[in-house]
Amino acid sequence: MTAAEHVAGTDETAARPPRRYKSRIILATAVIGVLTLISWTQTWFAIVLSDGADLPVDGQVGAPALSALALTSLVLVGALSIAGPFFRIVFGILQSLIGVAIVFSAVLAVSAPVSAAGPAISEATGVAGEESVAELVTSIALTPWPWVALVSGALIVLLGLAIVVTGRSWPGATRKYQTTTRLAPAAAQRTSVDDWDSLSGGEDPTDPADPTDSSDPAGRH
């Protein structure tokens, strides 16, 4: 192996970790964003009312803001793949804030399940008011899904911080489909020496069909 090949191999090896960081962080954030969105559609609370009726309550009721937060996280994932170093830092901070909001929404639902499920209970029974709704609840059980949302939010916070820390070293977007403009130097003005060389080679320098002749044949003496 030559010294140049060794240096090229070393540079390629050194460039791999940032590329791996970028792909893995973006993929992990996308997967967790989708998982958060899935958790929002699942049953969070299994409620038994005083009349013996079972009432399942999903995350759409328990944490209604979760869908918007998860979708925003996924949009930022798409933007991260083409963003420059500065905007990676900005998007990383935004991802962390989104994760905090997801955790906050899940904690609110878990800590006060009756209040979180209140709209569903009122719709099912026609009873309004927090105290009146609470009196109708015989038992309430949490499913794993609010905890999934909580953990997903915490992971999004960590991934956002990872973007802030490593984002500056990520490789830029590919230039495969970018238009490349090349500037070619203008043809040099022919001189008498060029004409003499053409004659020596059997060419007529006054022939206008000659693509290399940029002078005006009419003005030549």
# chains A, B, ... in the order shown; residues from 1 in each chain; ligands from 1
>>> closest_atom_pairs(of="region 44-85 of chain A", to="region 158-165 of chain A", cutoff="12 Å", atoms="only C-alpha atoms", output="Markdown table")
| residue | atom | partner | partner_atom | distance |
| --- | --- | --- | --- | --- |
| A:Ser73 | CA | A:Gly160 | CA | 10.0 |
| A:Leu76 | CA | A:Gly160 | CA | 10.4 |
| A:Val77 | CA | A:Gly160 | CA | 10.4 |
| A:Leu80 | CA | A:Ile163 | CA | 9.2 |
| A:Ser81 | CA | A:Ile163 | CA | 11.5 |
| A:Ala83 | CA | A:Ile163 | CA | 11.7 |
| A:Pro85 | CA | A:Val164 | CA | 9.5 |
>>> residues_around(residues="region 127-144 of chain A", least_positions_apart="5", cutoff="7 Å", atoms="only C-alpha atoms", output="ChimeraX atom specification")
/A:43-50,114-115,118,121-122
>>> residues_around(residues="region 93-105 of chain A", least_positions_apart="3", cutoff="10 Å", atoms="only C-alpha atoms", output="PyMOL selection string")
chain A and resi 29+33+36+62-70+72-74+76-77+87-90+108-110+116+146-147+149-164
>>> closest_residue(among="A:Ile82, A:Pro119, A:Leu55, A:Thr41", to="Gly167 (chain A)", atoms="only C-alpha atoms")
A:Ile82
>>> atom_distance(atom1="CA of Asp58 (chain A)", atom2="CA of Ser111 (chain A)")
15.6 Å
>>> closest_residue(among="A:Ala124, A:Trp145, A:Asp54, A:Gly92", to="Lys22 (chain A)", atoms="only C-alpha atoms")
A:Gly92
>>> closest_residue(among="A:Ala117, A:Val107, A:Arg19, A:Ala30", to="Val57 (chain A)", atoms="only C-alpha atoms")
A:Ala117
